[in-house]
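*Asks:* Have a peek at my_file_2.cif (mmCIF, C-alpha atoms).
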```cif
data_input
#
loop_
_atom_site.label_atom_id
_atom_site.label_comp_id
_atom_site.auth_asym_id
_atom_site.auth_seq_id
_atom_site.Cartn_x
_atom_site.Cartn_y
_atom_site.Cartn_z
CA MET A 300 -11.76 -50.03 207.67
CA SER A 301 -13.15 -52.33 204.93
CA ASN A 302 -16.46 -51.73 203.18
CA ILE A 303 -18.02 -54.71 204.96
CA GLU A 304 -16.94 -53.34 208.33
CA ILE A 305 -18.46 -49.97 207.41
CA GLY A 306 -21.68 -51.77 206.43
CA LEU A 307 -21.83 -53.70 209.70
CA LEU A 308 -21.16 -50.51 211.64
CA GLY A 309 -23.98 -48.85 209.72
CA LEU A 310 -26.38 -51.69 210.62
CA ALA A 311 -25.38 -51.41 214.27
CA VAL A 312 -25.97 -47.65 214.24
CA LEU A 313 -29.35 -48.21 212.57
CA MET A 314 -30.38 -50.66 215.31
CA VAL A 315 -29.37 -48.15 217.97
CA LEU A 316 -31.37 -45.37 216.30
CA LEU A 317 -34.44 -47.61 216.02
CA ALA A 318 -34.05 -48.62 219.68
CA LEU A 319 -34.00 -44.91 220.54
CA ARG A 320 -37.37 -44.62 218.71
CA MET A 321 -36.09 -42.52 215.83
CA PRO A 322 -38.53 -42.93 212.93
CA VAL A 323 -37.66 -45.79 210.58
CA ALA A 324 -37.52 -43.57 207.48
CA THR A 325 -35.26 -40.98 209.09
CA SER A 326 -32.93 -43.64 210.51
CA MET A 327 -32.49 -45.39 207.17
CA MET A 328 -31.97 -42.17 205.22
CA LEU A 329 -29.38 -40.93 207.72
CA VAL A 330 -27.41 -44.18 207.90
CA GLY A 331 -27.74 -44.83 204.17
CA PHE A 332 -26.55 -41.36 203.18
CA VAL A 333 -23.62 -41.18 205.63
CA GLY A 334 -22.54 -44.75 204.84
CA HIS A 335 -22.71 -44.08 201.10
CA TRP A 336 -20.69 -40.88 201.62
CA ILE A 337 -17.96 -42.76 203.48
CA ILE A 338 -17.63 -45.51 200.84
CA ARG A 339 -18.22 -43.42 197.72
CA PRO A 340 -18.51 -39.68 198.46
CA ARG A 341 -19.40 -38.55 194.94
CA GLY A 342 -22.44 -40.80 194.71
CA ALA A 343 -24.08 -40.00 198.04
CA ILE A 344 -25.85 -36.72 197.26
CA PRO A 345 -27.02 -37.76 193.75
CA SER A 346 -28.32 -41.03 195.25
CA LEU A 347 -30.25 -39.21 197.96
CA GLY A 348 -31.84 -36.76 195.53
CA ALA A 349 -32.57 -39.28 192.78
CA HIS A 350 -34.14 -41.91 195.03
CA SER A 351 -36.23 -39.34 196.90
CA PHE A 352 -37.67 -38.07 193.62
CA ASP A 353 -37.98 -41.42 191.86
CA THR A 354 -39.88 -43.04 194.74
CA THR A 355 -42.56 -40.36 194.74
CA THR A 356 -43.11 -40.78 191.00
CA ILE A 357 -43.65 -44.57 190.95
CA ILE A 358 -47.09 -44.88 189.34
CA SER A 359 -47.89 -48.19 191.01
CA LEU A 360 -47.60 -46.57 194.44
CA SER A 361 -50.78 -44.61 193.74
CA ILE A 362 -52.52 -47.80 194.83
CA LEU A 363 -51.67 -47.04 198.47
CA PRO A 364 -53.68 -43.82 199.06
CA LEU A 365 -56.60 -45.18 197.04
CA PHE A 366 -56.95 -48.39 199.03
CA VAL A 367 -56.36 -46.60 202.34
CA LEU A 368 -59.07 -44.07 201.47
CA MET A 369 -61.39 -46.92 200.46
CA GLY A 370 -60.95 -48.49 203.89
CA ASN A 371 -61.47 -45.18 205.66
CA LEU A 372 -64.68 -44.52 203.70
CA ALA A 373 -65.92 -48.02 204.58
CA GLY A 374 -65.25 -47.24 208.24
CA VAL A 375 -67.13 -43.92 208.36
CA SER A 376 -70.08 -45.37 206.41
CA ARG A 377 -70.49 -48.16 209.01
CA MET A 378 -70.08 -50.90 206.41
CA SER A 379 -67.72 -52.58 208.87
CA ARG A 380 -70.62 -52.81 211.35
CA ASP A 381 -72.82 -54.47 208.74
CA LEU A 382 -70.10 -57.01 208.00
CA TYR A 383 -69.73 -57.90 211.68
CA ASP A 384 -73.51 -58.13 212.13
CA ALA A 385 -73.74 -60.57 209.21
CA ALA A 386 -70.99 -62.77 210.67
CA TYR A 387 -72.60 -62.49 214.12
CA ALA A 388 -75.97 -63.60 212.72
CA TRP A 389 -74.50 -66.74 211.15
CA VAL A 390 -71.99 -67.93 213.78
CA GLY A 391 -72.85 -66.05 216.97
CA HIS A 392 -74.94 -68.90 218.40
CA PHE A 393 -71.96 -71.28 218.39
CA ARG A 394 -69.57 -71.61 221.31
CA GLY A 395 -67.03 -68.79 220.88
CA GLY A 396 -69.21 -67.48 218.04
CA LEU A 397 -68.70 -63.78 218.78
CA ALA A 398 -64.94 -64.21 218.65
CA SER A 399 -65.30 -66.15 215.38
CA ALA A 400 -67.53 -63.37 214.03
CA THR A 401 -64.76 -60.93 214.92
CA ILE A 402 -62.25 -62.95 212.87
CA ILE A 403 -64.66 -63.07 209.91
CA GLY A 404 -65.34 -59.36 210.23
CA CYS A 405 -61.61 -58.57 210.36
CA ALA A 406 -61.02 -60.75 207.28
CA GLY A 407 -63.73 -58.92 205.35
CA PHE A 408 -62.66 -55.46 206.44
CA SER A 409 -59.05 -56.35 205.60
CA ALA A 410 -60.16 -56.75 201.99
CA LEU A 411 -60.99 -53.04 202.04
CA SER A 412 -58.44 -51.38 204.28
CA GLY A 413 -55.13 -53.17 203.62
CA SER A 414 -54.08 -52.17 207.11
CA SER A 415 -53.76 -54.38 210.19
CA LEU A 416 -54.06 -51.43 212.55
CA ALA A 417 -57.24 -50.15 210.87
CA SER A 418 -58.76 -53.64 210.91
CA ALA A 419 -58.00 -54.20 214.60
CA LEU A 420 -59.16 -50.74 215.63
CA THR A 421 -62.35 -50.67 213.54
CA MET A 422 -63.54 -54.20 214.31
CA GLY A 423 -62.38 -53.95 217.91
CA LYS A 424 -64.66 -50.98 218.55
CA VAL A 425 -67.58 -52.94 217.10
CA SER A 426 -66.97 -56.39 218.57
CA LEU A 427 -65.35 -55.86 222.00
CA PRO A 428 -68.47 -54.35 223.69
CA GLU A 429 -70.53 -57.29 222.37
CA MET A 430 -68.11 -59.90 223.68
CA GLN A 431 -67.89 -58.17 227.06
CA ARG A 432 -71.69 -57.96 227.20
CA PHE A 433 -71.93 -61.74 226.84
CA LYS A 434 -69.20 -62.32 229.48
CA TYR A 435 -66.42 -63.45 227.15
CA SER A 436 -62.99 -63.91 228.65
CA ASN A 437 -60.96 -60.74 228.15
CA LYS A 438 -58.04 -62.89 227.01
CA LEU A 439 -60.05 -64.54 224.22
CA ALA A 440 -61.82 -61.32 223.20
CA THR A 441 -58.71 -59.15 222.93
CA GLY A 442 -56.64 -61.98 221.46
CA ALA A 443 -59.20 -62.51 218.67
CA ILE A 444 -59.25 -58.78 217.84
CA ALA A 445 -55.47 -58.42 217.80
CA ALA A 446 -54.96 -61.59 215.74
CA GLY A 447 -57.86 -60.88 213.39
CA GLY A 448 -56.47 -57.42 212.73
CA THR A 449 -53.21 -58.89 211.43
CA LEU A 450 -55.14 -60.28 208.44
CA GLY A 451 -55.09 -56.71 207.14
CA ILE A 452 -51.59 -57.13 205.71
CA LEU A 453 -52.22 -60.60 204.23
CA ILE A 454 -55.66 -60.45 202.67
CA PRO A 455 -55.51 -58.10 199.67
CA PRO A 456 -55.28 -55.18 199.27
CA SER A 457 -52.22 -55.20 201.51
CA ALA A 458 -49.87 -52.29 202.10
CA GLY A 459 -47.22 -54.86 203.06
CA PHE A 460 -47.50 -56.53 199.65
CA VAL A 461 -47.25 -53.17 197.88
CA VAL A 462 -44.04 -52.26 199.70
CA TYR A 463 -42.61 -55.75 199.14
CA ALA A 464 -43.49 -55.59 195.43
CA ILE A 465 -41.74 -52.23 195.01
CA LEU A 466 -38.61 -53.43 196.83
CA THR A 467 -38.36 -56.72 194.88
CA GLU A 468 -39.80 -55.46 191.58
CA SER A 469 -42.54 -58.09 191.77
CA SER A 470 -46.10 -57.88 190.44
CA ILE A 471 -48.47 -56.21 192.90
CA GLY A 472 -51.44 -57.96 191.29
CA GLN A 473 -49.87 -61.41 191.61
CA LEU A 474 -48.94 -60.76 195.24
CA PHE A 475 -52.49 -59.62 196.03
CA ILE A 476 -53.98 -62.76 194.48
CA ALA A 477 -51.32 -64.93 196.17
CA GLY A 478 -52.52 -63.67 199.56
CA VAL A 479 -56.17 -64.69 199.08
CA LEU A 480 -56.03 -68.43 199.89
CA PRO A 481 -53.39 -68.07 202.67
CA GLY A 482 -55.51 -65.28 204.17
CA LEU A 483 -58.64 -67.42 204.17
CA MET A 484 -56.65 -70.38 205.52
CA LEU A 485 -55.26 -68.30 208.38
CA ALA A 486 -58.71 -66.92 209.22
CA PHE A 487 -59.98 -70.52 209.33
CA LEU A 488 -57.09 -71.54 211.60
CA PHE A 489 -57.98 -68.67 213.96
CA ILE A 490 -61.57 -69.93 214.12
CA VAL A 491 -60.27 -73.44 214.82
CA VAL A 492 -58.21 -71.99 217.70
CA ILE A 493 -61.34 -70.36 219.10
CA TYR A 494 -63.25 -73.64 218.84
CA ILE A 495 -60.48 -75.56 220.62
CA VAL A 496 -60.04 -73.13 223.54
CA THR A 497 -63.80 -72.82 224.07
CA PHE A 498 -64.22 -76.60 223.81
CA ILE A 499 -61.63 -77.02 226.57
CA ASN A 500 -63.17 -74.23 228.66
CA PRO A 501 -66.71 -73.25 227.51
CA GLU A 502 -66.83 -70.32 229.93
CA LEU A 503 -64.20 -68.46 227.89
CA GLY A 504 -66.66 -67.85 225.05
CA PRO A 505 -70.32 -68.68 225.71
CA PRO A 506 -72.68 -68.73 222.70
CA ALA A 507 -75.10 -65.86 222.11
CA PRO A 508 -78.40 -66.66 223.88
CA ILE A 509 -80.52 -66.03 220.77
CA ARG A 510 -80.21 -68.13 217.62
CA MET A 511 -81.33 -65.99 214.70
CA SER A 512 -83.73 -67.36 212.11
CA TYR A 513 -82.60 -67.94 208.53
CA GLY A 514 -84.70 -64.95 207.52
CA GLN A 515 -82.81 -62.71 209.95
CA ARG A 516 -79.51 -64.14 208.77
CA GLY A 517 -80.47 -63.46 205.17
CA MET A 518 -81.37 -59.85 205.97
CA ALA A 519 -78.05 -59.37 207.76
CA LEU A 520 -76.27 -60.74 204.71
CA VAL A 521 -78.23 -58.39 202.42
CA ARG A 522 -77.12 -55.39 204.50
CA ALA A 523 -73.51 -56.51 203.99
CA ILE A 524 -73.88 -56.62 200.19
CA PRO A 525 -72.23 -53.19 199.64
CA ILE A 526 -68.97 -54.17 201.32
CA LEU A 527 -69.02 -57.65 199.73
CA SER A 528 -69.63 -56.17 196.28
CA ILE A 529 -66.63 -53.85 196.64
CA ILE A 530 -64.44 -56.81 197.64
CA VAL A 531 -65.63 -58.87 194.67
CA ALA A 532 -65.25 -55.95 192.26
CA THR A 533 -61.67 -55.17 193.28
CA ILE A 534 -60.14 -58.59 193.90
CA GLY A 535 -62.24 -60.35 191.24
CA GLY A 536 -61.32 -57.77 188.62
CA ILE A 537 -57.61 -58.20 189.32
CA TYR A 538 -57.86 -62.00 189.16
CA LEU A 539 -59.81 -62.01 185.89
CA GLY A 540 -57.38 -59.52 184.35
CA VAL A 541 -60.16 -56.98 183.71
CA TYR A 542 -58.02 -54.24 185.21
CA SER A 543 -54.73 -53.76 187.01
CA ALA A 544 -54.28 -53.53 190.78
CA THR A 545 -53.96 -49.74 190.53
CA GLU A 546 -57.16 -49.46 188.50
CA ALA A 547 -58.89 -51.79 190.98
CA ALA A 548 -57.93 -49.43 193.79
CA GLY A 549 -59.54 -46.52 191.96
CA ILE A 550 -62.72 -48.49 191.22
CA GLY A 551 -62.97 -49.70 194.82
CA CYS A 552 -62.46 -46.19 196.15
CA ILE A 553 -65.21 -44.80 193.89
CA LEU A 554 -67.62 -47.59 194.92
CA ALA A 555 -66.93 -46.99 198.61
CA PHE A 556 -67.58 -43.26 198.09
CA ILE A 557 -70.86 -43.93 196.24
CA PHE A 558 -72.09 -46.36 198.91
CA ALA A 559 -71.14 -43.94 201.69
CA ILE A 560 -73.17 -41.17 200.02
CA GLY A 561 -76.07 -43.55 199.32
CA ARG A 562 -76.23 -44.52 202.99
CA ARG A 563 -76.23 -40.81 203.97
CA SER A 564 -73.43 -41.47 206.41
CA LEU A 565 -70.81 -39.27 204.75
CA THR A 566 -70.56 -35.77 206.16
CA PHE A 567 -68.04 -33.06 205.40
CA SER A 568 -66.46 -33.64 208.81
CA ASN A 569 -65.91 -37.39 208.57
CA PHE A 570 -64.94 -37.15 204.88
CA PHE A 571 -62.23 -34.63 205.80
CA GLU A 572 -61.11 -36.94 208.62
CA ALA A 573 -60.92 -39.88 206.18
CA LEU A 574 -58.80 -37.79 203.78
CA LEU A 575 -56.51 -36.65 206.59
CA ASN A 576 -55.98 -40.20 207.87
CA THR A 577 -55.26 -41.32 204.31
CA LEU A 578 -52.65 -38.59 203.87
CA ARG A 579 -50.95 -39.51 207.14
CA SER A 580 -50.75 -43.22 206.31
CA THR A 581 -49.58 -42.60 202.76
CA ALA A 582 -46.93 -40.05 203.75
CA THR A 583 -45.53 -42.44 206.37
CA THR A 584 -45.28 -45.29 203.85
CA PHE A 585 -43.67 -43.09 201.19
CA LEU A 586 -41.06 -41.84 203.66
CA ILE A 587 -40.22 -45.41 204.66
CA LEU A 588 -39.78 -46.37 200.99
CA ILE A 589 -37.55 -43.35 200.34
CA GLY A 590 -35.46 -44.36 203.35
CA ALA A 591 -35.25 -47.92 202.02
CA PHE A 592 -34.09 -46.81 198.56
CA VAL A 593 -31.43 -44.55 200.10
CA PHE A 594 -30.27 -47.31 202.46
CA THR A 595 -30.18 -50.11 199.86
CA PRO A 596 -27.30 -48.69 197.70
CA PHE A 597 -25.19 -48.31 200.84
CA ILE A 598 -25.75 -51.96 201.76
CA GLU A 599 -24.94 -53.07 198.22
CA LEU A 600 -21.75 -50.99 198.14
CA SER A 601 -20.65 -52.45 201.48
CA GLY A 602 -20.63 -55.96 200.03
CA ILE A 603 -22.68 -57.41 202.89
CA PRO A 604 -25.22 -59.23 200.62
CA ASN A 605 -22.43 -61.11 198.83
CA ALA A 606 -20.69 -61.90 202.12
CA LEU A 607 -23.97 -63.13 203.60
CA MET A 608 -24.60 -65.31 200.56
CA ASN A 609 -21.14 -66.87 200.84
CA LEU A 610 -21.63 -67.47 204.57
CA LEU A 611 -24.98 -69.21 204.08
CA ILE A 612 -23.62 -71.32 201.25
CA ALA A 613 -20.68 -72.32 203.46
CA LEU A 614 -23.12 -73.51 206.15
CA ASP A 615 -24.32 -76.14 203.67
CA VAL A 616 -27.75 -76.50 205.27
CA GLY A 617 -29.57 -76.95 201.98
CA LYS A 618 -32.34 -74.92 200.38
CA TYR A 619 -34.99 -75.41 203.05
CA GLY A 620 -32.49 -75.29 205.89
CA LEU A 621 -31.60 -71.81 204.65
CA LEU A 622 -35.28 -70.87 204.50
CA ALA A 623 -35.80 -72.09 208.08
CA ILE A 624 -32.87 -69.96 209.28
CA VAL A 625 -34.24 -66.91 207.46
CA LEU A 626 -37.80 -67.32 208.81
CA ILE A 627 -36.64 -67.92 212.39
CA PHE A 628 -34.42 -64.83 212.10
CA LEU A 629 -37.36 -62.75 210.84
CA VAL A 630 -39.66 -64.01 213.62
CA PHE A 631 -36.97 -62.97 216.11
CA LEU A 632 -36.71 -59.52 214.52
CA GLY A 633 -40.48 -59.20 214.78
CA THR A 634 -40.30 -59.30 218.57
CA PHE A 635 -38.66 -55.88 218.70
CA MET A 636 -38.97 -54.26 215.25
CA GLU A 637 -41.93 -52.83 213.34
CA GLY A 638 -43.06 -54.72 210.22
CA PHE A 639 -42.18 -52.15 207.56
CA ALA A 640 -38.76 -51.71 209.16
CA ILE A 641 -38.14 -55.46 208.84
CA LEU A 642 -39.20 -55.38 205.18
CA VAL A 643 -36.98 -52.51 204.10
CA LEU A 644 -34.03 -53.66 206.20
CA THR A 645 -33.93 -57.35 205.26
CA ILE A 646 -35.03 -57.39 201.61
CA PRO A 647 -31.78 -55.81 200.31
CA LEU A 648 -29.80 -58.38 202.31
CA LEU A 649 -31.83 -61.51 201.65
CA GLU A 650 -33.28 -61.12 198.15
CA PRO A 651 -30.03 -61.97 196.27
CA VAL A 652 -29.51 -65.03 198.46
CA LEU A 653 -33.08 -66.29 198.06
CA ARG A 654 -33.06 -65.77 194.29
CA SER A 655 -29.76 -67.64 194.01
CA TYR A 656 -31.43 -70.66 195.66
CA GLY A 657 -34.33 -70.51 193.19
CA PHE A 658 -37.07 -69.45 195.62
CA ASP A 659 -40.20 -67.97 194.07
CA MET A 660 -40.34 -64.37 195.31
CA ILE A 661 -44.16 -64.26 195.17
CA TRP A 662 -44.34 -67.29 197.46
CA TYR A 663 -41.63 -65.90 199.73
CA GLY A 664 -43.53 -62.60 199.89
CA VAL A 665 -46.54 -64.40 201.39
CA LEU A 666 -44.28 -66.16 203.92
CA MET A 667 -42.68 -62.87 204.88
CA VAL A 668 -46.02 -61.13 205.37
CA ILE A 669 -47.16 -63.91 207.73
CA VAL A 670 -43.92 -63.46 209.68
CA LEU A 671 -44.69 -59.73 209.86
CA GLU A 672 -48.17 -60.65 211.15
CA MET A 673 -46.53 -62.66 213.92
CA GLY A 674 -44.46 -59.60 214.80
CA LEU A 675 -47.60 -57.46 215.05
CA ILE A 676 -48.72 -59.48 218.09
CA SER A 677 -45.33 -60.48 219.52
CA PRO A 678 -44.06 -58.90 222.76
CA PRO A 679 -42.67 -56.42 223.50
CA VAL A 680 -43.35 -54.30 220.35
CA GLY A 681 -46.60 -55.95 219.13
CA ILE A 682 -48.26 -52.85 217.67
CA ASN A 683 -51.66 -54.52 217.34
CA VAL A 684 -51.59 -55.29 221.05
CA PHE A 685 -51.23 -51.60 221.86
CA VAL A 686 -54.08 -50.79 219.46
CA VAL A 687 -56.32 -53.29 221.26
CA LYS A 688 -55.18 -51.91 224.61
CA SER A 689 -56.34 -48.44 223.51
CA ILE A 690 -59.93 -49.73 223.16
CA ALA A 691 -59.75 -52.18 226.10
CA GLU A 692 -58.25 -49.93 228.74
CA ASP A 693 -59.50 -52.07 231.63
CA VAL A 694 -57.74 -55.23 230.35
CA PRO A 695 -54.17 -55.77 231.63
CA MET A 696 -51.52 -55.95 228.91
CA ASN A 697 -50.42 -59.32 230.26
CA ASP A 698 -53.90 -60.76 229.65
CA ILE A 699 -53.88 -59.54 226.05
CA PHE A 700 -50.52 -61.21 225.37
CA LYS A 701 -51.77 -64.45 226.98
CA GLY A 702 -54.88 -64.36 224.81
CA ILE A 703 -52.76 -63.90 221.69
CA LEU A 704 -50.52 -66.95 222.22
CA PRO A 705 -52.87 -69.59 220.64
CA PHE A 706 -53.36 -67.36 217.59
CA TRP A 707 -49.59 -66.82 217.31
CA LEU A 708 -49.12 -70.58 217.24
CA ALA A 709 -51.79 -70.83 214.51
CA MET A 710 -49.70 -68.43 212.42
CA GLY A 711 -46.74 -70.78 212.88
CA VAL A 712 -48.90 -73.64 211.59
CA ALA A 713 -49.93 -71.52 208.57
CA LEU A 714 -46.27 -70.77 207.87
CA LEU A 715 -45.41 -74.48 207.98
CA LEU A 716 -48.31 -75.39 205.68
CA LEU A 717 -47.22 -72.79 203.12
CA VAL A 718 -43.65 -74.11 203.17
CA LEU A 719 -44.86 -77.70 202.72
CA PHE A 720 -47.52 -76.82 200.15
CA PRO A 721 -46.40 -73.74 198.16
CA GLN A 722 -49.38 -74.09 195.79
CA ILE A 723 -51.65 -72.69 198.50
CA SER A 724 -50.21 -69.29 197.63
CA LEU A 725 -49.15 -69.91 194.03
CA LEU A 726 -52.27 -71.58 192.60
CA LEU A 727 -54.33 -68.43 192.02
CA PRO A 728 -51.46 -66.34 190.58
CA GLU A 729 -50.68 -69.16 188.15
CA LEU A 730 -54.34 -69.36 187.10
CA MET A 731 -54.42 -65.58 186.74
CA ILE A 732 -51.39 -65.62 184.43
CA ARG A 733 -52.95 -68.48 182.46
CA ASN A 734 -56.24 -66.55 182.06
CA ALA A 735 -54.35 -63.42 180.99
CA GLY A 736 -52.46 -65.44 178.41
#
```
Show how you would write the structure in this file as structure tokens.
*Replies:*
Amino acid sequence: MSNIEIGLLGLAVLMVLLALRMPVATSMMLVGFVGHWIIRPRGAIPSLGAHSFDTTTIISLSILPLFVLMGNLAGVSRMSRDLYDAAYAWVGHFRGGLASATIIGCAGFSALSGSSLASALTMGKVSLPEMQRFKYSNKLATGAIAAGGTLGILIPPSAGFVVYAILTESSIGQLFIAGVLPGLMLAFLFIVVIYIVTFINPELGPPAPIRMSYGQRGMALVRAIPILSIIVATIGGIYLGVYSATEAAGIGCILAFIFAIGRRSLTFSNFFEALLNTLRSTATTFLILIGAFVFTPFIELSGIPNALMNLLIALDVGKYGLLAIVLIFLVFLGTFMEGFAILVLTIPLLEPVLRSYGFDMIWYGVLMVIVLEMGLISPPVGINVFVVKSIAEDVPMNDIFKGILPFWLAMGVALLLLVLFPQISLLLPELMIRNAG
């Protein structure tokens, strides 16, 4: 059996294990170790031990627990509620305004949590009762929450960007800044979707009956200053080159802790819960990365990346034809695989090919994260859909998926715009490098 055949067999076994719901990290470590052993027995055990140790000592990965803790502290201190109330005060009186406020709230909370699941769960608990109280369509309400939550892995800080940066040896800071404009653009497209569907059928999202005065709107905005100041301090500091992404995570975490104490909302019980949730999320991500670094040498030894590169070159579809094939393939994977699994599985295969065609890996990272967002709300896996279902138990799953469709199409539009106009994602990183210079 040739090395390529062993590699393909390993990929097939990995797919089977994932289909059987074996954890991603365990599946990749098992297949990577056994495959490495078969091809090069002497290197398997050293590779397993070295990569397991090296991954846990990557200094830049300390950004993950810090940003996750920052988001958890923002949640227990009810800063997320203040953010939603501010958005509600300014746009709630428009048709579909509560759904638009949900998108804005998710976008803001995403800049603290870096997690799509946390964004959907936190903002869903705040916004769903309000939308149901004002007789919003369940399809629009749950669709807005599920789609808005996906902004958590695009708007920095993003756990998806951190993992991508580690796998491709890219700059975490540049990736964070590259996600800002695409994240705002996608949030705007979601609001446009809400406007269109409520324009066609106003009963789907009636406006709030009370239009708040500018004084009330100003007060709501003042109450949201703590969360906005943390966002500005972290993202602004990275952009201006005042501190690194890791240092920004520490500063943001300290600010969130200070605000939580100042609001007298932090108790020993919820602080312990925030720490425990942070440990769970961090441990899961670290295990996935260890699995990826054990699996990657096996794939490289099998020769599959080179064979894939030769195959794609032989197709002669051109640079952007290749990109279209890759993105369509990733969207397809997103219908049945979890986002992190797609990242760690495809990066070792596709990175050499993409680099050989001269693609900017920062730009491609933004494209890939949007594809992962699409997977978060795609049937049948759609993790965000199940999160929304957990807080909307009376809404049929079929209705949630129907409500998501317009937002899924908006993500496709965002993907197309980023392919046609790469500067949407590259402008701020280029300015950041210029300022640093």
*Asks:* Can you list, as a list in words, the residues that the PyMOL selection byres ((chain A and resi 578) around 12) selects here?
*Replies:* Ser361, Leu363, Pro364, Leu365, Phe366, Val367, Leu368, Asn371, Phe571, Glu572, Ala573, Leu574, Leu575, Asn576, Thr577, Arg579, Ser580, Thr581, Ala582, Thr583, Thr584 and Phe585 of chain A
*Asks:* Run the PyMOL selection byres ((chain A and resi 467) around 12) against the file shown and list the residues it catches, as number ranges by chain.
*Replies:* A: 460-466, 468-471, 474, 591-592, 595, 642-643, 645-651, 653-654, 659-661, 663-664
*Asks:* Using the chain letters and numbers from this file, what does the PyMOL selection byres ((chain A and resi 602) around 12) select? Give the answer as a list in words.
*Replies:*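 Against this file, the PyMOL selection byres ((chain A and resi 602) around 12) returns the residues Ser301, Asn302, Ile303, Glu304, Ile305, Gly306, Leu307, Ile338, Thr595, Pro596, Phe597, Ile598, Glu599, Leu600, Ser601, Ile603, Pro604, Asn605, Ala606, Leu607, Met608, Asn609, Pro647, Leu648 and Pro651 of chain A.
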*Asks:* Contacts between region 549-564 of chain A and region 310-390 of chain A, please, where a residue of region 310-390 of chain A counts if it comes within 8 Å (with only C-alpha atoms); show its shortest atom pair and distance in Å to one decimal, rows by chain and ascending number, as CSV.
*Replies:*
```
residue,atom,partner,partner_atom,distance
A:Ile362,CA,A:Gly549,CA,7.7
A:Leu365,CA,A:Cys552,CA,6.0
A:Phe366,CA,A:Cys552,CA,6.6
A:Leu368,CA,A:Cys552,CA,6.7
A:Met369,CA,A:Cys552,CA,4.5
A:Leu372,CA,A:Ala555,CA,6.1
A:Ala373,CA,A:Ala555,CA,6.1
A:Val375,CA,A:Ser564,CA,7.0
A:Ser376,CA,A:Ala559,CA,5.0
A:Arg377,CA,A:Ser564,CA,7.8
```
*Asks:* So, with all atoms listed in the file as the atoms that count, which of A:Gly447, A:Gly620, A:Gly517, A:Gly674 lies closest to Ser426 (chain A)?
*Replies:*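 Once distances to Ser426 (chain A) are computed over all atoms listed in the file, the minimum belongs to A:Gly447.
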*Asks:* Expressed in Å to a single decimal, how great is the separation between CA of Phe594 (chain A) and CA of Phe685 (chain A)?
*Replies:*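 Interatomic distance here is 28.9 Å.
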